[in-house]
Amino acid sequence: MSGTSYLFDAILTPLLALSLAALGLNLLTGYAGQLSLGTAAFMAVGAFAAYNFNLRVEGLPFVISIGLAGLSAAVVGIFFGLPSLRLKGFYLAVSTLAAQFFVQWALTKFDWFSNHNPSGVIDAPPLVLFGITFGGAVGRYLFALTVVTAVTLLTLRLLNTQTGHNFIAVRDHELAARVIGVPVLRTKLLAFAISSFIVGVAGVLWAFAYLRTVEPHGFNLDRSFQILFIVIIGGLASIRGAFFGAALIVVFPLVLSRVGSFLLGSYFDSGVLDMSQRIVLGVLIIAFLILEPRGLASLFDRLVRFGKR
Amino acid sequence: MKTTAFLKPLRHAALGAALAAIVGASPAKADEQFFPLQSYRVGPYAAGGTGFFGGFIDYLNLVNTRDGGVNGVKLTWEEGETQYEVEKGVEVYERLKSRPNIAAWTPLSVGIAYALIDRVTEDKVPLTTINHGRTDSTDGRVFPYIFPLLLNPYSETSGIVNYIATREGGPEKLKGKKIVVLYHGSPYGKETIPIYELLAEKYGFAVQQIEVPHPGNEQQSQWLTIRRVKPDYVVLRGWGVQNPVALKTAQKTGFPVDKIIGNVWSNSEEDVIPAGDAAKGYVAITTQASGAEYPVVQEIVKSLYDSGKGNLQDKKRIGSVYHNLGIVNGILNVEAIRIAQVKFGKRTLTGDEVRWGFEHLQLSPERVKELGAENLFRSIHVTWDNHEGNGYVKFQQWDGKKWTPVSDWIAPDWALLRPIIEKSSEQYAKEKGLKVRTKEEVDKVNGPTGVAKQ
């Protein structure tokens with residue numbers, strides 16, 4: 001019983017939240033070709049916006065709070081996406097770093113965002129969707145699953161529309177895209193908006209379904225990098241890749257840590273174990289990237305093809 | 001031949017019994033009490049983590065080897081590395097919470113403690129945050145399972161302000177003084193912002209609070225601000241690497257070190273030794289003395305370190321501030337169990353029974369002496385609605401080699417703080433829709449076979 005609660009509370013729910021964040025970033029980086037290092041900031045915007053809408057607008061259903069949180073993140077995303085009209089590649093990545101630092105600074109500086117809580121840590125309200133309260137480990141997981149499924153389906157749908165094709169056109173050859181009549185500026189901003197919306201919703205899940213507490217510190221640059229790595233390891237421009245990558249990044253360290261403490265726990269202290277896990281994980285990531293630069297999604301496709309033969 | 005035939009059934013029986021003992025021993029579980037430790041031995045706060053958890057584990061180990069456990073109940077523990085990160089702390093909680101016989105949680109991080117408040121309350125297991133934590137969890141009426149033992153952040157603040165007042169020659173001399181609080185950019189660091197404002201208003205001094213972003217290895221701009229403000233005192237509310245960097249930067253910008261007062265997480269050897277000369281004359285608050293001369297520390301040296309079973313890798317750290325705090329934390333946890341055992345029986349207790357023990361954790365100076373900790377810490381008096389337990393504080397000065405006490409045990413101004421704490425906790429109860437607990441509910445304890453009404 002409690003074993004299941006570990007599976008849901010500590011593995012599957014964060015996995016879903018990070019997958020969704022990676023999906024959002026993948027839309028921007030993988031499909032539309034715009035590199036961003038501000039993912040965690042947009043997650044933070046989502047989480048804090050959901051908290052504040054929920055707190056300050058009486059009787060607002062939580063599902064609307066989530067939508068509004070996504071929209072808030074989208075607005076912030078468009079703002080920090082403006083440099084993309086002029087900047088490309090690494091330069092754009094550096095300018096999105098501004099989002100990372102600015103948002104964290106603003107959330108810490110103005111304690112209105114955390115309802116004047118002295119510690120700046122806020123408790124998440126219970127999850128209620130269409131009158132059903134999602135309590136317990138499985139409940140929270142189902143809540144996250146519902147949200148992630150809905151958003152993923154919408155994203156899939158979006159990629160098959162003209163807008164989705166525009167994303168890819170802009171990524172592959174901006175000049176050619178402009179020549180054939182793709183509105184490049186609009187497309188880029190739209191990519192930032194939609195991506196940030198999804199990332200914002202992921203932030204809500206991370207804070208409300210998984211941690212059940214919201215603090216700006218949890219959305220630092222490390223988290224942005226973590227999500228970027230998920231996208232790269234999972235496979236750029238692949239919906240599936242986001243989920244595979246998140247599975248590797250979330251689950252693998254846990255497996256390593258449990259195996260490590262089971263096998264060697266009596267010989268080494270937890271600090272040594274933790275360090276060695278990082279080394280193992282780092283080596284694995286390098287190996288993955290050398291052997292399969294197109295990510296886990298591509299590896300999976302090959303396996304499927306191999307199985308069919 | 002005949003004898004063997006005669007012995008055969010006997011031998012079988014013996015073999016069977018031995019087998020049963022081996023097989024039966026593990027699942028049947030002798031009386032045990034498990035401590036899940038959300039520790040950190042890597043990362044920017046490793047010095048605090050290794051010292052504190054080293055001391056805690058050493059004391060649990062001492063109770064096992066010296067007394068065979070608490071009245072025969074063995075103490076067990078397992079560590080999970082959190083690196084002081086909330087997300088990792090939550091993962092460790094979920095990982096270890098299914099273990100049987102959990103006594104209490106010790107995250108040693110305000111952020112993690114915040115994230116666990118709902119969880120431990122649901123699971124009915126106590127969580128202690130010695131010398132830190134969420135201040136209003138002192139109010140046991142609203143937070144039945146959270147224990148900011150010995151010294152909550154408000155009491156600490158009051159202690160520091162009182163000390164500054166004594167140095168200036170009385171509380172009325174605080175009027176017109178200027179104090180800067182240099183705080184760690186984390187939930188822990190921010191916890192005291194409102195109380196400094198309040199005390200500033202009460203005593204008429206000016207306060208300016210400056211944040212140092214985590215982890216705090218760059219403070220040039222903060223100290224330039226301090227130089228401009230020219231305060232009479234700087235209170236260092238730091239953690240980890242922030243502290244030595246603060247002391248060194250203070251020296252560089254020419255702020256006198258004896259006007260810097262360290263808080264209870266800026267008071268260790270690990271904070272001052274790396275600062276070298278810059279730390280000489282630095283004064284900090286503490287709830288437990290440093291040094292290895294206390295009988296309980298000596299026993300730990302004798303029965304653990306002399307046979308290579310001690311937890312600290314560096315023996316020089318025995319009796320350091322964090323190590324001793326870990327030992328004090330061990331004493332408080334073990335005594336809570338012992339007190340609960342008097343009521344519920346000398347067996348493995350449920351988390352809720354240990355909670356009852358913490359709510360009756362009253363150690364007089366005499367009892368502290370019996371435990372071999374006289375002068376290590378003064379006393380504690382936890383009740384069902386006061387989960388802090390009125391710890392006393394002392395001020396110590398670093399002379400370049402060791403800490404020397406510069407004050408006697410001082411009592412913070414609890415009467416002043418209590419209404420503020422109650423206001424905050426009642427607000428929390430209202431927000432969360434919680435019922436404020438009454439005294440009668442304290443004795444409704446979840447035993448091994450469900451709720452037993454006393």
# chains A, B, ... in the order shown; residues from 1 in each chain; ligands from 1
>>> residues_around(residues="B:Ile146", least_positions_apart="4", cutoff="8 Å", atoms="only C-alpha atoms", output="list in words")
Ile117, Pro126, Leu127, Thr128, Thr129, Ser137, Thr138, Gly140 and His387 of chain B
>>> residues_around(residues="A:Ile64", least_positions_apart="3", cutoff="10 Å", atoms="only C-alpha atoms", output="count of residues only")
10
>>> select_by_dssp(residues="stretch 153-266 of chain A", states="helix (DSSP H, G or I)", output="PyMOL selection string")
chain A and resi 153-159+162-172+174-179+184-211+216-219+221-234+239-264
>>> interface_residues(of="chain A", to="chain B", cutoff="10 Å", atoms="only C-alpha atoms", output="ChimeraX atom specification")
/A:1-11,14,55,105,108-109,116-126,206,210-218,254,257-258,261,265,269-275
>>> write_last_selection(atoms="C-alpha atoms", output="short mmCIF file (atom, residue, chain, number, x, y, z; two decimals), in the first residue's frame")
data_model
loop_
_atom_site.label_atom_id
_atom_site.label_comp_id
_atom_site.auth_asym_id
_atom_site.auth_seq_id
_atom_site.Cartn_x
_atom_site.Cartn_y
_atom_site.Cartn_z
CA MET A 1 0.00 0.00 0.00
CA SER A 2 2.64 2.48 1.01
CA GLY A 3 4.83 1.07 -1.73
CA THR A 4 2.24 2.20 -4.23
CA SER A 5 2.07 5.61 -2.68
CA TYR A 6 5.82 5.94 -3.22
CA LEU A 7 5.41 4.95 -6.85
CA PHE A 8 2.71 7.54 -7.44
CA ASP A 9 3.84 10.36 -5.15
CA ALA A 10 7.57 10.26 -5.67
CA ILE A 11 7.95 8.86 -9.19
CA PRO A 14 6.90 14.40 -10.80
CA LEU A 55 -6.42 32.67 -3.34
CA TRP A 105 14.05 37.82 -8.17
CA THR A 108 11.30 36.67 -3.82
CA LYS A 109 11.38 40.44 -3.73
CA HIS A 116 3.05 37.98 2.58
CA ASN A 117 4.12 34.68 4.01
CA PRO A 118 7.29 35.42 5.99
CA SER A 119 9.19 32.42 4.69
CA GLY A 120 8.05 32.83 1.11
CA VAL A 121 6.84 29.25 1.13
CA ILE A 122 3.18 28.65 0.46
CA ASP A 123 0.99 25.63 0.98
CA ALA A 124 -0.90 24.30 -1.96
CA PRO A 125 -4.71 24.09 -1.73
CA PRO A 126 -6.45 20.76 -2.33
CA TRP A 206 4.89 20.39 -10.03
CA TYR A 210 3.79 16.87 -6.46
CA LEU A 211 5.52 19.08 -3.87
CA ARG A 212 2.31 20.57 -2.44
CA THR A 213 4.29 23.61 -1.47
CA VAL A 214 5.49 26.48 -3.61
CA GLU A 215 8.77 28.26 -3.17
CA PRO A 216 10.67 30.24 -5.80
CA HIS A 217 13.92 28.53 -4.94
CA GLY A 218 12.66 25.25 -6.39
CA LEU A 254 16.12 7.14 -7.90
CA SER A 257 20.22 5.71 -5.33
CA ARG A 258 18.15 2.79 -4.09
CA SER A 261 22.18 2.28 -0.81
CA GLY A 265 24.83 1.50 2.04
CA ASP A 269 27.77 7.17 3.78
CA SER A 270 24.97 8.77 1.83
CA GLY A 271 27.17 11.64 0.62
CA VAL A 272 29.64 9.37 -1.14
CA LEU A 273 26.78 7.40 -2.67
CA ASP A 274 25.15 10.56 -3.91
CA MET A 275 28.31 11.76 -5.57
#
>>> atom_distance(atom1="atom CA of B:Asn267", atom2="atom CA of B:Gly176")
27.4 Å
>>> atom_distance(atom1="atom CA of A:Ala44", atom2="atom CA of A:Asp222")
13.1 Å
>>> atom_distance(atom1="atom CA of A:Ala169", atom2="atom CA of A:Ala21")
23.0 Å
>>> select_by_dssp(residues="stretch 96-197 of chain A", states="strand (DSSP E)", output="ChimeraX atom specification")
/A:122-123,127-129,132-134
>>> write_last_selection(atoms="N, CA and C atoms", output="short mmCIF file (atom, residue, chain, number, x, y, z; two decimals), in the first residue's frame")
data_model
loop_
_atom_site.label_atom_id
_atom_site.label_comp_id
_atom_site.auth_asym_id
_atom_site.auth_seq_id
_atom_site.Cartn_x
_atom_site.Cartn_y
_atom_site.Cartn_z
N ILE A 122 4.62 28.71 0.31
CA ILE A 122 3.18 28.65 0.46
C ILE A 122 2.67 27.23 0.34
N ASP A 123 1.59 26.96 1.03
CA ASP A 123 0.99 25.63 0.98
C ASP A 123 0.01 25.58 -0.18
N LEU A 127 -6.66 19.80 -4.53
CA LEU A 127 -6.95 19.79 -5.96
C LEU A 127 -8.40 19.42 -6.19
N VAL A 128 -9.16 20.34 -6.77
CA VAL A 128 -10.55 20.05 -7.07
C VAL A 128 -10.79 20.32 -8.56
N LEU A 129 -11.26 19.32 -9.25
CA LEU A 129 -11.51 19.47 -10.68
C LEU A 129 -12.94 19.00 -10.93
N ILE A 132 -14.73 17.21 -8.14
CA ILE A 132 -14.13 16.02 -7.55
C ILE A 132 -12.82 16.44 -6.88
N THR A 133 -12.64 16.03 -5.63
CA THR A 133 -11.39 16.32 -4.94
C THR A 133 -10.40 15.20 -5.21
N PHE A 134 -9.23 15.58 -5.70
CA PHE A 134 -8.21 14.57 -5.95
C PHE A 134 -7.26 14.54 -4.76
#
>>> residues_around(residues="B:Thr348", least_positions_apart="6", cutoff="9 Å", atoms="only C-alpha atoms", output="VMD selection string")
chain B and resid 30 to 33 73 to 74 101 103 341 448
>>> decode(residues="stretch 337-362 of chain B", atoms="N, CA and C atoms", output="CSV table (one decimal), in the first residue's frame")
chain,number,residue,atom,x,y,z
B,337,ILE,N,11.0,9.4,23.6
B,337,ILE,CA,10.6,8.0,23.5
B,337,ILE,C,10.5,7.4,24.9
B,338,ARG,N,11.5,7.7,25.7
B,338,ARG,CA,11.5,7.2,27.1
B,338,ARG,C,10.3,7.7,27.9
B,339,ILE,N,10.0,8.9,27.7
B,339,ILE,CA,8.8,9.5,28.5
B,339,ILE,C,7.5,8.8,27.9
B,340,ALA,N,7.4,8.6,26.6
B,340,ALA,CA,6.2,8.0,26.1
B,340,ALA,C,6.2,6.5,26.5
B,341,GLN,N,7.3,5.9,26.7
B,341,GLN,CA,7.3,4.5,27.1
B,341,GLN,C,6.7,4.3,28.5
B,342,VAL,N,7.0,5.3,29.4
B,342,VAL,CA,6.4,5.2,30.7
B,342,VAL,C,4.9,5.1,30.7
B,343,LYS,N,4.3,5.9,29.7
B,343,LYS,CA,2.9,5.9,29.6
B,343,LYS,C,2.4,4.6,28.9
B,344,PHE,N,3.0,4.3,27.7
B,344,PHE,CA,2.4,3.3,26.8
B,344,PHE,C,3.1,1.9,27.0
B,345,GLY,N,4.2,1.8,27.7
B,345,GLY,CA,4.8,0.5,27.8
B,345,GLY,C,6.1,0.5,27.1
B,346,LYS,N,7.0,-0.4,27.6
B,346,LYS,CA,8.4,-0.5,27.1
B,346,LYS,C,8.4,-1.3,25.8
B,347,ARG,N,7.9,-0.8,24.8
B,347,ARG,CA,7.8,-1.5,23.5
B,347,ARG,C,8.0,-0.5,22.4
B,348,THR,N,7.9,-1.0,21.1
B,348,THR,CA,8.0,-0.1,20.0
B,348,THR,C,6.7,0.8,20.0
B,349,LEU,N,6.9,2.1,19.8
B,349,LEU,CA,5.8,3.0,19.9
B,349,LEU,C,5.4,3.4,18.5
B,350,THR,N,4.1,3.8,18.4
B,350,THR,CA,3.7,4.4,17.1
B,350,THR,C,4.1,5.9,17.0
B,351,GLY,N,4.1,6.4,15.9
B,351,GLY,CA,4.5,7.8,15.7
B,351,GLY,C,3.6,8.7,16.6
B,352,ASP,N,2.4,8.4,16.7
B,352,ASP,CA,1.5,9.2,17.5
B,352,ASP,C,1.8,9.2,19.0
B,353,GLU,N,2.3,8.0,19.4
B,353,GLU,CA,2.7,7.8,20.8
B,353,GLU,C,4.0,8.6,21.1
B,354,VAL,N,4.9,8.6,20.1
B,354,VAL,CA,6.1,9.4,20.2
B,354,VAL,C,5.7,10.9,20.3
B,355,ARG,N,4.7,11.3,19.5
B,355,ARG,CA,4.2,12.7,19.5
B,355,ARG,C,3.8,13.0,21.0
B,356,TRP,N,3.1,12.1,21.6
B,356,TRP,CA,2.7,12.4,23.0
B,356,TRP,C,4.0,12.5,23.9
B,357,GLY,N,5.0,11.7,23.6
B,357,GLY,CA,6.2,11.8,24.3
B,357,GLY,C,6.8,13.2,24.2
B,358,PHE,N,6.9,13.7,22.9
B,358,PHE,CA,7.4,15.0,22.7
B,358,PHE,C,6.6,16.1,23.5
B,359,GLU,N,5.3,15.9,23.5
B,359,GLU,CA,4.5,16.9,24.2
B,359,GLU,C,4.6,16.9,25.7
B,360,HIS,N,5.3,15.9,26.2
B,360,HIS,CA,5.6,15.8,27.6
B,360,HIS,C,7.1,15.8,27.9
B,361,LEU,N,7.9,16.3,26.9
B,361,LEU,CA,9.3,16.3,27.0
B,361,LEU,C,9.8,17.4,27.9
B,362,GLN,N,9.9,17.1,29.2
B,362,GLN,CA,10.3,18.1,30.2
B,362,GLN,C,11.6,17.6,30.9
